[in-house]
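query07.txt follows; it contains compact mmCIF, C-alpha atoms and all ligand atoms.
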# COMPACT_ATOMS: atom_id res chain seq x y z
CA MET S 1 -55.22 -8.48 -51.12
CA PRO S 2 -56.85 -5.13 -52.03
CA GLU S 3 -55.24 -1.96 -50.70
CA LEU S 4 -56.13 -0.60 -47.25
CA ALA S 5 -58.81 2.10 -47.27
CA VAL S 6 -56.47 4.38 -45.24
CA ALA S 7 -54.00 4.07 -48.13
CA GLY S 8 -56.63 4.96 -50.73
CA GLY S 9 -58.04 1.46 -51.36
CA THR S 10 -61.69 0.45 -51.51
CA PRO S 11 -63.28 0.18 -48.04
CA VAL S 12 -64.76 -3.14 -46.89
CA ARG S 13 -68.14 -1.50 -46.33
CA SER S 14 -69.79 1.57 -47.78
CA THR S 15 -73.44 0.76 -47.01
CA PRO S 16 -75.09 2.27 -43.91
CA TRP S 17 -75.13 0.55 -40.51
CA PRO S 18 -78.28 -0.02 -38.46
CA ARG S 19 -79.62 3.30 -37.17
CA TRP S 20 -79.40 4.40 -33.56
CA PRO S 21 -81.53 5.45 -31.82
CA GLN S 22 -84.59 3.72 -33.25
CA PRO S 23 -88.00 4.88 -31.96
CA ALA S 24 -90.37 2.31 -30.46
CA PRO S 25 -93.62 1.70 -32.37
CA GLY S 26 -96.22 4.32 -31.43
CA ALA S 27 -93.66 6.86 -30.17
CA LEU S 28 -95.11 9.69 -32.23
CA ALA S 29 -98.63 9.18 -30.89
CA VAL S 30 -97.34 9.12 -27.31
CA LEU S 31 -95.39 12.35 -27.79
CA ASP S 32 -98.50 13.94 -29.29
CA GLU S 33 -100.50 12.93 -26.21
CA VAL S 34 -97.96 14.59 -23.93
CA LEU S 35 -97.97 17.70 -26.13
CA ASN S 36 -101.68 18.17 -25.57
CA SER S 37 -101.84 16.94 -21.97
CA GLY S 38 -101.08 20.24 -20.25
CA ARG S 39 -98.22 18.56 -18.40
CA TRP S 40 -94.74 18.68 -19.85
CA ALA S 41 -92.87 18.44 -16.53
CA ILE S 42 -93.47 16.90 -13.10
CA SER S 43 -93.09 20.42 -11.69
CA GLY S 44 -96.20 21.42 -13.70
CA PRO S 45 -99.77 21.17 -12.36
CA TYR S 46 -101.45 17.77 -11.93
CA ASN S 47 -103.75 16.99 -14.87
CA GLY S 48 -105.73 14.13 -13.36
CA GLN S 49 -103.34 11.46 -14.70
CA GLN S 50 -100.29 9.84 -13.23
CA SER S 51 -97.19 11.57 -14.62
CA ARG S 52 -95.29 9.70 -17.34
CA GLU S 53 -92.25 10.09 -15.10
CA ARG S 54 -93.92 8.10 -12.30
CA ARG S 55 -95.09 5.49 -14.77
CA PHE S 56 -91.59 5.05 -16.16
CA ALA S 57 -90.16 4.93 -12.60
CA ALA S 58 -92.60 2.16 -11.65
CA GLU S 59 -91.77 0.15 -14.78
CA PHE S 60 -88.01 0.58 -14.43
CA ALA S 61 -88.14 -0.41 -10.73
CA ALA S 62 -90.24 -3.48 -11.61
CA TYR S 63 -87.83 -4.36 -14.43
CA HIS S 64 -85.07 -4.54 -11.79
CA GLY S 65 -87.17 -5.98 -8.99
CA VAL S 66 -86.34 -3.07 -6.67
CA ARG S 67 -88.54 -0.85 -4.49
CA HIS S 68 -87.54 2.54 -5.92
CA CYS S 69 -86.56 4.31 -9.12
CA VAL S 70 -86.05 8.08 -9.24
CA PRO S 71 -85.65 9.39 -12.80
CA THR S 72 -83.16 12.22 -13.31
CA ALA S 73 -82.21 14.65 -16.08
CA ASN S 74 -79.17 12.61 -17.11
CA GLY S 75 -76.68 10.02 -15.91
CA SER S 76 -74.43 12.66 -14.39
CA SER S 77 -77.24 13.96 -12.18
CA ALA S 78 -78.07 10.37 -11.22
CA LEU S 79 -74.47 10.02 -9.98
CA THR S 80 -74.39 13.43 -8.29
CA THR S 81 -77.65 12.92 -6.39
CA THR S 82 -76.63 9.39 -5.38
CA LEU S 83 -73.24 10.53 -4.08
CA GLU S 84 -74.90 13.30 -2.07
CA ALA S 85 -77.67 11.00 -0.84
CA CYS S 86 -74.94 8.61 0.39
CA GLY S 87 -73.51 11.47 2.43
CA VAL S 88 -70.44 12.09 0.25
CA GLY S 89 -69.28 15.70 0.56
CA ALA S 90 -66.42 18.12 1.13
CA GLY S 91 -62.99 16.49 1.22
CA ASP S 92 -64.24 12.89 1.08
CA GLN S 93 -62.52 10.37 -1.18
CA VAL S 94 -64.43 8.36 -3.77
CA VAL S 95 -62.87 5.40 -5.57
CA ILE S 96 -63.51 5.38 -9.33
CA PRO S 97 -61.98 3.36 -12.18
CA GLY S 98 -59.06 4.83 -14.13
CA ILE S 99 -60.80 4.09 -17.45
CA THR S 100 -64.32 5.44 -17.83
CA TRP S 101 -66.28 8.44 -19.08
CA VAL S 102 -65.25 11.81 -17.59
CA ALA S 103 -68.56 12.11 -15.69
CA ASN S 104 -67.30 9.67 -13.07
CA ALA S 105 -64.60 12.16 -12.08
CA SER S 106 -66.56 15.38 -12.68
CA THR S 107 -69.51 14.26 -10.54
CA VAL S 108 -67.17 13.46 -7.64
CA ILE S 109 -65.40 16.82 -7.74
CA GLY S 110 -68.83 18.39 -8.28
CA VAL S 111 -69.78 17.46 -4.70
CA ASN S 112 -66.42 18.83 -3.47
CA ALA S 113 -65.06 15.33 -2.98
CA VAL S 114 -61.83 13.87 -4.36
CA PRO S 115 -61.75 11.17 -7.05
CA VAL S 116 -59.27 8.38 -6.33
CA PHE S 117 -58.39 6.73 -9.66
CA VAL S 118 -57.92 2.98 -9.32
CA ASP S 119 -56.58 0.44 -11.81
CA VAL S 120 -58.77 -1.99 -13.71
CA ASP S 121 -58.76 -5.70 -14.48
CA PRO S 122 -56.88 -6.41 -17.75
CA ASP S 123 -59.63 -8.70 -19.11
CA THR S 124 -62.83 -6.88 -18.09
CA LEU S 125 -61.51 -3.27 -17.93
CA CYS S 126 -63.64 -2.82 -14.78
CA LEU S 127 -62.37 -1.96 -11.27
CA ASP S 128 -59.82 -4.45 -9.99
CA PRO S 129 -61.02 -5.45 -6.48
CA ALA S 130 -57.48 -5.92 -5.12
CA ALA S 131 -56.53 -2.43 -6.29
CA VAL S 132 -59.70 -1.03 -4.69
CA ALA S 133 -58.89 -2.66 -1.36
CA ALA S 134 -55.37 -1.18 -1.50
CA ALA S 135 -56.70 2.33 -2.28
CA LEU S 136 -59.09 2.61 0.69
CA THR S 137 -58.28 5.11 3.44
CA PRO S 138 -60.28 6.39 6.42
CA ALA S 139 -61.40 9.23 4.10
CA THR S 140 -62.98 6.88 1.51
CA LYS S 141 -66.73 7.48 1.58
CA ALA S 142 -67.89 5.55 -1.51
CA ILE S 143 -66.84 3.21 -4.32
CA VAL S 144 -68.27 3.88 -7.78
CA VAL S 145 -68.00 0.80 -9.98
CA VAL S 146 -68.63 1.09 -13.72
CA HIS S 147 -69.79 -1.86 -15.82
CA LEU S 148 -67.74 -0.80 -18.82
CA TYR S 149 -68.57 -1.41 -22.53
CA SER S 150 -69.84 -5.00 -22.35
CA ALA S 151 -68.48 -6.28 -19.04
CA VAL S 152 -69.95 -6.72 -15.60
CA ALA S 153 -67.49 -5.87 -12.83
CA ASP S 154 -66.63 -8.34 -10.06
CA LEU S 155 -69.64 -7.46 -7.91
CA THR S 156 -69.10 -10.28 -5.42
CA ALA S 157 -65.61 -9.09 -4.49
CA LEU S 158 -66.51 -5.39 -4.55
CA GLN S 159 -69.61 -5.91 -2.41
CA ARG S 160 -67.49 -7.78 0.12
CA ILE S 161 -64.92 -4.95 0.28
CA ALA S 162 -67.60 -2.26 0.60
CA ASP S 163 -69.42 -4.20 3.34
CA ARG S 164 -66.26 -4.93 5.26
CA HIS S 165 -65.43 -1.21 5.37
CA GLY S 166 -69.01 -0.02 5.83
CA ILE S 167 -68.95 2.22 2.75
CA PRO S 168 -71.55 2.38 -0.01
CA LEU S 169 -71.01 0.70 -3.37
CA ILE S 170 -72.59 2.70 -6.20
CA GLU S 171 -73.06 0.85 -9.49
CA ASP S 172 -72.81 3.08 -12.56
CA CYS S 173 -74.90 1.16 -15.10
CA ALA S 174 -74.86 3.86 -17.81
CA GLN S 175 -73.42 1.22 -20.17
CA ALA S 176 -75.16 -1.86 -18.80
CA HIS S 177 -78.97 -1.54 -18.86
CA GLY S 178 -80.37 -5.06 -18.49
CA ALA S 179 -77.05 -6.86 -17.85
CA ARG S 180 -77.26 -9.69 -15.30
CA PHE S 181 -74.90 -11.17 -12.73
CA LEU S 182 -75.72 -14.43 -10.88
CA GLY S 183 -79.17 -14.17 -12.45
CA ARG S 184 -79.91 -10.67 -11.09
CA LYS S 185 -79.87 -7.35 -12.96
CA VAL S 186 -76.90 -5.09 -12.36
CA GLY S 187 -77.70 -1.95 -10.39
CA THR S 188 -79.27 -4.09 -7.64
CA PHE S 189 -76.02 -5.26 -6.01
CA GLY S 190 -74.79 -1.91 -4.72
CA HIS S 191 -76.55 0.55 -2.38
CA ALA S 192 -77.82 2.20 -5.55
CA GLY S 193 -77.56 1.79 -9.29
CA THR S 194 -77.34 4.80 -11.61
CA PHE S 195 -78.25 4.94 -15.30
CA SER S 196 -77.85 7.32 -18.23
CA MET S 197 -80.38 7.52 -21.05
CA GLN S 198 -78.26 9.81 -23.23
CA GLN S 199 -78.56 9.23 -27.00
CA SER S 200 -75.72 6.71 -27.34
CA LYS S 201 -76.89 4.40 -24.52
CA VAL S 202 -78.83 1.17 -25.08
CA LEU S 203 -81.93 2.71 -23.46
CA THR S 204 -82.40 6.33 -24.46
CA SER S 205 -84.62 9.39 -24.59
CA GLY S 206 -81.90 11.65 -26.01
CA GLU S 207 -81.02 12.81 -22.49
CA GLY S 208 -82.16 11.18 -19.27
CA GLY S 209 -81.12 9.21 -16.23
CA ALA S 210 -82.33 7.23 -13.23
CA VAL S 211 -81.33 5.98 -9.80
CA ILE S 212 -82.58 2.64 -8.48
CA THR S 213 -82.37 1.39 -4.90
CA ASP S 214 -84.09 -0.75 -2.27
CA ASP S 215 -83.24 1.78 0.46
CA ASP S 216 -86.33 3.89 1.28
CA ALA S 217 -84.43 6.73 2.93
CA LEU S 218 -81.82 6.92 0.15
CA ALA S 219 -84.56 7.09 -2.50
CA ARG S 220 -86.31 9.89 -0.62
CA ARG S 221 -83.11 11.91 -0.43
CA VAL S 222 -82.46 11.43 -4.16
CA GLU S 223 -86.04 12.51 -4.87
CA HIS S 224 -85.55 15.78 -2.99
CA LEU S 225 -82.09 16.39 -4.40
CA ARG S 226 -83.37 16.19 -7.99
CA ALA S 227 -86.52 18.35 -7.57
CA ASP S 228 -85.40 21.45 -5.65
CA GLY S 229 -86.34 19.95 -2.30
CA ARG S 230 -89.79 18.77 -3.41
CA SER S 231 -91.30 15.30 -3.58
CA TYR S 232 -94.53 13.58 -4.59
CA GLY S 233 -97.16 13.33 -1.83
CA SER S 234 -98.74 10.00 -0.89
CA THR S 235 -101.95 10.85 -2.75
CA PRO S 236 -102.42 12.98 -5.89
CA PRO S 237 -103.69 16.57 -5.41
CA ALA S 238 -106.78 18.16 -6.98
CA THR S 239 -106.55 18.62 -10.73
CA GLY S 240 -104.75 21.87 -11.48
CA ALA S 241 -102.80 21.89 -8.19
CA MET S 242 -99.08 21.20 -7.92
CA GLU S 243 -98.22 17.55 -7.41
CA LEU S 244 -94.73 18.14 -6.00
CA LEU S 245 -94.86 19.17 -2.33
CA GLU S 246 -92.35 21.59 -0.82
CA THR S 247 -91.31 19.35 2.04
CA ALA S 248 -87.85 20.95 2.04
CA GLU S 249 -86.36 18.01 3.91
CA LEU S 250 -83.23 18.58 1.91
CA MET S 251 -82.17 21.43 -0.36
CA GLY S 252 -82.07 20.22 -3.95
CA ASN S 253 -81.47 21.26 -7.52
CA ASN S 254 -83.60 20.85 -10.62
CA ARG S 255 -82.48 17.62 -12.21
CA CYS S 256 -85.84 16.37 -13.43
CA LEU S 257 -86.66 14.34 -16.52
CA SER S 258 -89.34 15.93 -18.73
CA GLU S 259 -92.63 14.19 -19.54
CA PHE S 260 -91.58 13.87 -23.19
CA GLN S 261 -88.48 11.94 -22.20
CA ALA S 262 -90.36 9.74 -19.75
CA ALA S 263 -92.96 8.95 -22.43
CA LEU S 264 -90.20 7.90 -24.86
CA LEU S 265 -88.48 5.76 -22.22
CA ILE S 266 -91.63 3.74 -21.47
CA GLY S 267 -91.72 2.68 -25.14
CA GLN S 268 -87.98 2.11 -25.45
CA LEU S 269 -87.88 -0.09 -22.34
CA GLY S 270 -90.15 -2.53 -24.16
CA LEU S 271 -87.42 -3.06 -26.80
CA LEU S 272 -84.43 -3.37 -24.49
CA ASP S 273 -84.28 -7.13 -23.80
CA GLU S 274 -84.74 -8.12 -27.41
CA GLU S 275 -82.12 -5.62 -28.61
CA ASN S 276 -79.68 -6.73 -25.90
CA ALA S 277 -80.14 -10.37 -26.97
CA ARG S 278 -79.54 -9.52 -30.62
CA ARG S 279 -76.38 -7.56 -29.84
CA ALA S 280 -75.09 -10.36 -27.59
CA ARG S 281 -75.67 -13.00 -30.31
CA ASN S 282 -73.80 -11.00 -32.93
CA ALA S 283 -71.02 -10.16 -30.47
CA ALA S 284 -70.52 -13.84 -29.65
CA ASP S 285 -70.13 -14.60 -33.37
CA LEU S 286 -67.69 -11.74 -33.74
CA ASP S 287 -65.71 -12.87 -30.65
CA ALA S 288 -65.07 -16.24 -32.27
CA ARG S 289 -64.06 -14.72 -35.61
CA LEU S 290 -61.68 -12.15 -34.10
CA ALA S 291 -60.10 -14.63 -31.67
CA GLU S 292 -59.04 -16.72 -34.67
CA LEU S 293 -57.30 -13.65 -36.10
CA GLY S 294 -55.21 -13.04 -32.97
CA PHE S 295 -57.42 -10.53 -31.16
CA ARG S 296 -58.78 -10.93 -27.62
CA PRO S 297 -62.35 -9.76 -27.04
CA GLN S 298 -63.14 -7.97 -23.76
CA ARG S 299 -64.22 -10.54 -21.16
CA THR S 300 -66.78 -10.24 -18.44
CA THR S 301 -66.57 -11.40 -14.82
CA GLU S 302 -67.35 -15.06 -14.24
CA GLY S 303 -70.91 -15.22 -12.96
CA THR S 304 -72.25 -12.83 -15.61
CA THR S 305 -75.55 -14.31 -16.79
CA GLY S 306 -76.57 -11.67 -19.31
CA ARG S 307 -74.32 -9.35 -21.24
CA THR S 308 -75.24 -5.86 -22.47
CA TYR S 309 -73.15 -4.47 -25.31
CA TYR S 310 -72.85 -0.70 -25.13
CA ASN S 311 -69.54 -0.80 -26.97
CA TYR S 312 -67.80 -3.79 -28.44
CA ALA S 313 -64.17 -3.89 -27.23
CA VAL S 314 -61.34 -6.12 -28.41
CA ALA S 315 -57.59 -6.11 -27.75
CA ALA S 316 -54.80 -6.64 -30.26
CA VAL S 317 -52.72 -9.17 -28.35
CA GLN S 318 -50.73 -10.90 -31.07
CA GLU S 319 -47.35 -9.15 -30.88
CA GLU S 320 -47.09 -7.80 -34.43
CA LEU S 321 -50.59 -6.31 -34.12
CA ALA S 322 -50.09 -4.97 -30.60
CA ASP S 323 -46.94 -3.17 -31.74
CA ILE S 324 -48.92 -1.20 -34.33
CA GLY S 325 -50.89 0.40 -31.49
CA ALA S 326 -54.59 1.10 -30.94
CA GLU S 327 -54.48 4.55 -32.57
CA ARG S 328 -53.31 3.27 -35.94
CA LEU S 329 -55.38 0.11 -35.90
CA SER S 330 -58.55 2.01 -35.08
CA ALA S 331 -57.92 4.63 -37.78
CA ALA S 332 -57.49 1.82 -40.33
CA LEU S 333 -60.69 0.08 -39.17
CA THR S 334 -62.63 3.35 -39.23
CA ALA S 335 -61.62 3.79 -42.87
CA GLU S 336 -62.60 0.20 -43.80
CA LEU S 337 -65.95 0.26 -42.05
CA GLY S 338 -67.21 3.85 -42.24
CA LEU S 339 -67.85 3.54 -38.54
CA PRO S 340 -65.92 5.27 -35.75
CA VAL S 341 -63.54 2.74 -34.18
CA THR S 342 -61.49 4.21 -31.31
CA PRO S 343 -59.11 3.20 -28.55
CA VAL S 344 -60.66 2.98 -25.04
CA TYR S 345 -61.23 6.21 -23.09
CA THR S 346 -57.95 7.94 -22.34
CA PRO S 347 -57.13 7.09 -18.72
CA LEU S 348 -59.09 9.71 -16.80
CA TYR S 349 -56.19 11.11 -14.76
CA ARG S 350 -54.66 12.33 -18.04
CA SER S 351 -57.84 12.79 -20.09
CA ARG S 352 -58.11 16.14 -21.86
CA LEU S 353 -61.69 16.39 -20.55
CA TYR S 354 -60.64 16.15 -16.88
CA ARG S 355 -59.60 19.75 -16.21
CA PRO S 356 -60.87 20.92 -12.82
CA HIS S 357 -58.42 23.85 -12.81
CA THR S 358 -60.48 25.50 -15.61
CA ARG S 359 -63.32 26.03 -13.09
CA SER S 360 -62.80 28.44 -10.23
CA ARG S 361 -65.51 26.74 -8.16
CA TYR S 362 -63.11 23.87 -7.48
CA ALA S 363 -60.32 26.14 -6.24
CA LEU S 364 -61.37 25.61 -2.62
CA ASP S 365 -57.88 25.73 -1.14
CA ALA S 366 -54.36 24.78 -2.17
CA GLU S 367 -54.61 21.35 -0.55
CA HIS S 368 -57.87 20.50 -2.36
CA GLN S 369 -56.46 21.69 -5.66
CA ARG S 370 -53.44 19.49 -5.23
CA ARG S 371 -55.58 16.47 -4.39
CA ILE S 372 -57.84 16.76 -7.43
CA HIS S 373 -54.87 17.07 -9.82
CA PRO S 374 -53.41 13.56 -9.96
CA GLN S 375 -50.07 14.71 -11.38
CA GLY S 376 -47.78 12.00 -12.58
CA LEU S 377 -50.27 9.23 -11.84
CA SER S 378 -49.98 6.23 -14.16
CA LEU S 379 -51.97 3.02 -13.66
CA PRO S 380 -50.26 0.17 -15.54
CA THR S 381 -53.31 -1.78 -16.69
CA CYS S 382 -55.17 1.37 -17.76
CA GLU S 383 -52.12 2.41 -19.78
CA GLN S 384 -51.76 -1.03 -21.37
CA ALA S 385 -55.47 -1.11 -22.27
CA ALA S 386 -55.18 2.30 -23.92
CA LYS S 387 -52.47 0.91 -26.20
CA THR S 388 -54.18 -2.33 -27.20
CA PHE S 389 -57.99 -2.13 -27.02
CA LEU S 390 -60.21 -1.05 -29.93
CA THR S 391 -63.90 -0.22 -29.43
CA PHE S 392 -66.95 0.66 -31.46
CA HIS S 393 -70.56 1.58 -30.67
CA HIS S 394 -73.30 -1.05 -30.35
CA ALA S 395 -75.45 -0.01 -33.33
CA PRO S 396 -73.68 -2.34 -35.86
CA LEU S 397 -74.44 -5.28 -33.54
CA LEU S 398 -78.15 -4.66 -34.17
CA GLY S 399 -77.57 -6.00 -37.69
CA ASP S 400 -77.21 -9.65 -38.64
CA LYS S 401 -74.65 -11.96 -40.24
CA ALA S 402 -73.84 -9.47 -43.03
CA GLU S 403 -72.72 -6.87 -40.47
CA VAL S 404 -70.64 -9.36 -38.50
CA ASP S 405 -69.04 -10.55 -41.76
CA ASP S 406 -68.05 -7.01 -42.73
CA ILE S 407 -66.53 -6.24 -39.34
CA ALA S 408 -64.58 -9.51 -39.33
CA ALA S 409 -63.43 -8.86 -42.93
CA ALA S 410 -62.05 -5.46 -41.95
CA PHE S 411 -60.02 -7.00 -39.11
CA GLU S 412 -58.81 -9.72 -41.48
CA LYS S 413 -57.68 -7.10 -43.97
CA LEU S 414 -55.67 -5.35 -41.24
CA VAL S 415 -53.96 -8.59 -40.30
CA ALA S 416 -53.01 -9.21 -43.95
CA HIS S 417 -51.55 -5.68 -44.16
CA ARG S 418 -49.89 -5.68 -40.72
CA GLN S 419 -46.39 -5.05 -42.02
CA GLU S 420 -47.53 -2.04 -43.99
CA LEU S 421 -49.43 -0.70 -40.95
CA ALA S 422 -46.38 -1.18 -38.72
CA ALA S 423 -44.13 0.77 -41.09
C1 LIG T 501 -72.79 8.25 -20.32
C2 LIG T 501 -72.15 7.95 -19.03
C3 LIG T 501 -72.31 8.77 -17.90
C4 LIG T 501 -72.98 10.11 -17.95
O1 LIG T 501 -74.28 10.11 -18.40
P1 LIG T 501 -74.91 11.47 -18.99
O2 LIG T 501 -76.34 11.09 -19.21
O3 LIG T 501 -74.20 11.79 -20.26
O4 LIG T 501 -74.76 12.52 -17.98
C5 LIG T 501 -71.76 8.37 -16.70
N1 LIG T 501 -71.05 7.24 -16.61
C6 LIG T 501 -70.83 6.44 -17.67
C7 LIG T 501 -70.05 5.19 -17.49
C8 LIG T 501 -71.37 6.77 -18.92
O5 LIG T 501 -71.12 5.97 -19.95
Would you mind writing the file's structure down as structure tokens?
Ligand SMILES: *Cc1c(COP(=O)(O)O)cnc(C)c1O
Amino acid sequence: MPELAVAGGTPVRSTPWPRWPQPAPGALAVLDEVLNSGRWAISGPYNGQQSRERRFAAEFAAYHGVRHCVPTANGSSALTTTLEACGVGAGDQVVIPGITWVANASTVIGVNAVPVFVDVDPDTLCLDPAAVAAALTPATKAIVVVHLYSAVADLTALQRIADRHGIPLIEDCAQAHGARFLGRKVGTFGHAGTFSMQQSKVLTSGEGGAVITDDDALARRVEHLRADGRSYGSTPPATGAMELLETAELMGNNRCLSEFQAALLIGQLGLLDEENARRARNAADLDARLAELGFRPQRTTEGTTGRTYYNYAVAAVQEELADIGAERLSAALTAELGLPVTPVYTPLYRSRLYRPHTRSRYALDAEHQRRIHPQGLSLPTCEQAAKTFLTFHHAPLLGDKAEVDDIAAAFEKLVAHRQELAA
């Protein structure tokens, strides 16, 4: 067996991986049209044409079969406006998973509420419904569920818990565009679904976001919250006049998507289903290959009818491999593949990015400061996942058999060298 790349040996792969992001055909022409249209933002004057932002919103709502889509500047602002539109505010508790991107905690403290970190399911890495039920208090005002990496959370159980307690379920679909559960797209099970279109996501315009919902009043509040208290009127104005009306129903902030981003998203949306299918096919092949080697691929909740791979995640379960630890295994894989392989997100309650005390705006009073610093918290399944799971970005799954072969070969090489890695 050749030497490990981390020990100076030849890496399994040195050729490039599929590129991400990849522009849709015609993207340049569309951007050029926006450039010369006189309208770069929805807050600019009406130019006689429907804004690209409204066109994207209509297409994204239709894609999900929902009544409303409100585009936002990014996924964080989609979460912030949704939390506020659901009435979450000062001192309220919001349940979030212990393993996810930092935005799930920062958006909650951003509306002066308190994140309550809850443990995840060991197979799906998404919120564990039993742990959610146990974490609810009279102060809980929302549950934010994240469909993490390639899994769909247990929406049936979570919906039941949210309904029983009369609190909104918000689906963070930043990693799950196009995923389906019981035949329906995710984002349509909760009171609202939020999306990020940041560069790494499977649907992207560099930065961007959206909120989808069937609730008319909720959509209207989100609309005002993201456009400084303005909203579109029921009919377009005269050319040259402002299209956003100062209804001031609700004070907002500027969290709008630009026309360039909306134009890109319309094109990218046309590629999403085909790319999701390609990634899922390659992931299924890889699942089988890695299972044979003693690894356990991330599972999704039973009832998932379409899987979206944002990251591929797999656990080292075989004892000798598990003992090596995710840090070492992922460093070795990174060296073999020339592709960043990492452990899962550090559990949020001890993540180096979750540092509310570095911002004086969150120092409301001693009690609030204590509540938003989860000192000493340790969620067993989150901690176990951090030790065993390895993840990498979806771009390699856009390749074909050659890419799957290389990834499987790198894992195989690690298994052959397990004693050396354990030393
Ligand atoms: C990316 C991401 C976000 C934040 O989206 P931004 O567009 O970066 O603000 C929120 N939640 C999850 C789960 C994400 O992956």
Test item: residues lying within 8 Å of ligand LIG 501 (chain T) with only C-alpha atoms and all ligand atoms, as a PyMOL selection string = chain S and resi 73-79+100-104+146-148+172-175+195-198+200-201+207-209
Mind running range 94-188 of chain S against range 339-359 of chain S at 10 Å and telling me each contacting residue's nearest atom pair with the distance in Å (one decimal), counting all atoms listed in the file, chain and number ascending, as CSV?
residue,atom,partner,partner_atom,distance
S:Ile96,CA,S:Leu348,CA,9.7
S:Pro97,CA,S:Leu348,CA,8.4
S:Gly98,CA,S:Pro347,CA,5.5
S:Ile99,CA,S:Pro347,CA,4.9
S:Thr100,CA,S:Tyr345,CA,6.1
S:Trp101,CA,S:Tyr345,CA,6.8
S:Val102,CA,S:Tyr354,CA,6.4
S:Ala103,CA,S:Tyr354,CA,9.0
S:Asn104,CA,S:Leu348,CA,9.0
S:Ala105,CA,S:Tyr354,CA,7.4
S:Ser106,CA,S:Tyr354,CA,7.3
S:Ile109,CA,S:Pro356,CA,7.9
S:Gly110,CA,S:Pro356,CA,9.5
S:Pro115,CA,S:Tyr349,CA,9.5
S:Val116,CA,S:Tyr349,CA,9.4
S:Phe117,CA,S:Tyr349,CA,7.1
S:Val118,CA,S:Tyr349,CA,9.9
S:Asp119,CA,S:Pro347,CA,9.6
S:Leu125,CA,S:Val344,CA,9.5
S:Tyr149,CA,S:Val344,CA,9.4
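Minimum distance to Gln298 in chain S across S:Ala151, S:Leu329, S:Ser234, S:Asp228 (counting all atoms listed in the file) occurs at S:Ala151.
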If you count only C-alpha atoms, the residue of S:Ala179, S:Val94, S:Cys126, S:Ala238 closest to Ile143 in chain S turns out to be S:Val94
Scan for residues within 12 Å of the point (-84.2, 6.6, -5.5) in the coordinates of the file, using only C-alpha atoms, and reply as a VMD selection string.
-> chain S and resid 54 57 to 58 60 to 61 66 to 72 78 to 79 81 to 86 187 to 188 191 to 195 209 to 226 231
Quick one: everything within 7 Å of range 22-36 of chain S, counting all atoms listed in the file, minus sequence neighbours fewer than 3 positions away in the same chain. Send it as a VMD selection string.
-> chain S and resid 19 39 to 40 259 to 260 263 to 264 267 to 268
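For the pair CA of Ala316 in chain S and CA of Phe295 in chain S, the interatomic distance is 4.8 Å.
Atom pair CA of Glu383 in chain S / CA of Arg279 in chain S: separated by 28.1 Å.
Each of S:Leu398, S:Phe392, S:Gly229, S:Gly183 was compared to Glu274 in chain S using all atoms listed in the file, and S:Leu398 turns out to be the nearest.
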Neighbours of Arg164 in chain S within 12 Å (all atoms listed in the file; same-chain residues fewer than 6 positions away dropped), as a PDB file with C-alpha atoms, in the frame of the given file?
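The new file selection_24.pdb reads:
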ATOM      1  CA  ALA S 133     -58.890  -2.660  -1.360  1.00  0.00           C
ATOM      2  CA  LEU S 136     -59.090   2.610   0.690  1.00  0.00           C
ATOM      3  CA  ALA S 157     -65.610  -9.090  -4.490  1.00  0.00           C
ATOM      4  CA  LEU S 158     -66.510  -5.390  -4.550  1.00  0.00           C
TER       5      LEU S 158
END
Using all atoms listed in the file, the best pick from S:Leu182, S:Val111, S:Ser37, S:Pro138 as closest to Thr80 in chain S would be S:Val111
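The space between CA of Ile42 in chain S and CA of Ala241 in chain S spans 11.7 Å.
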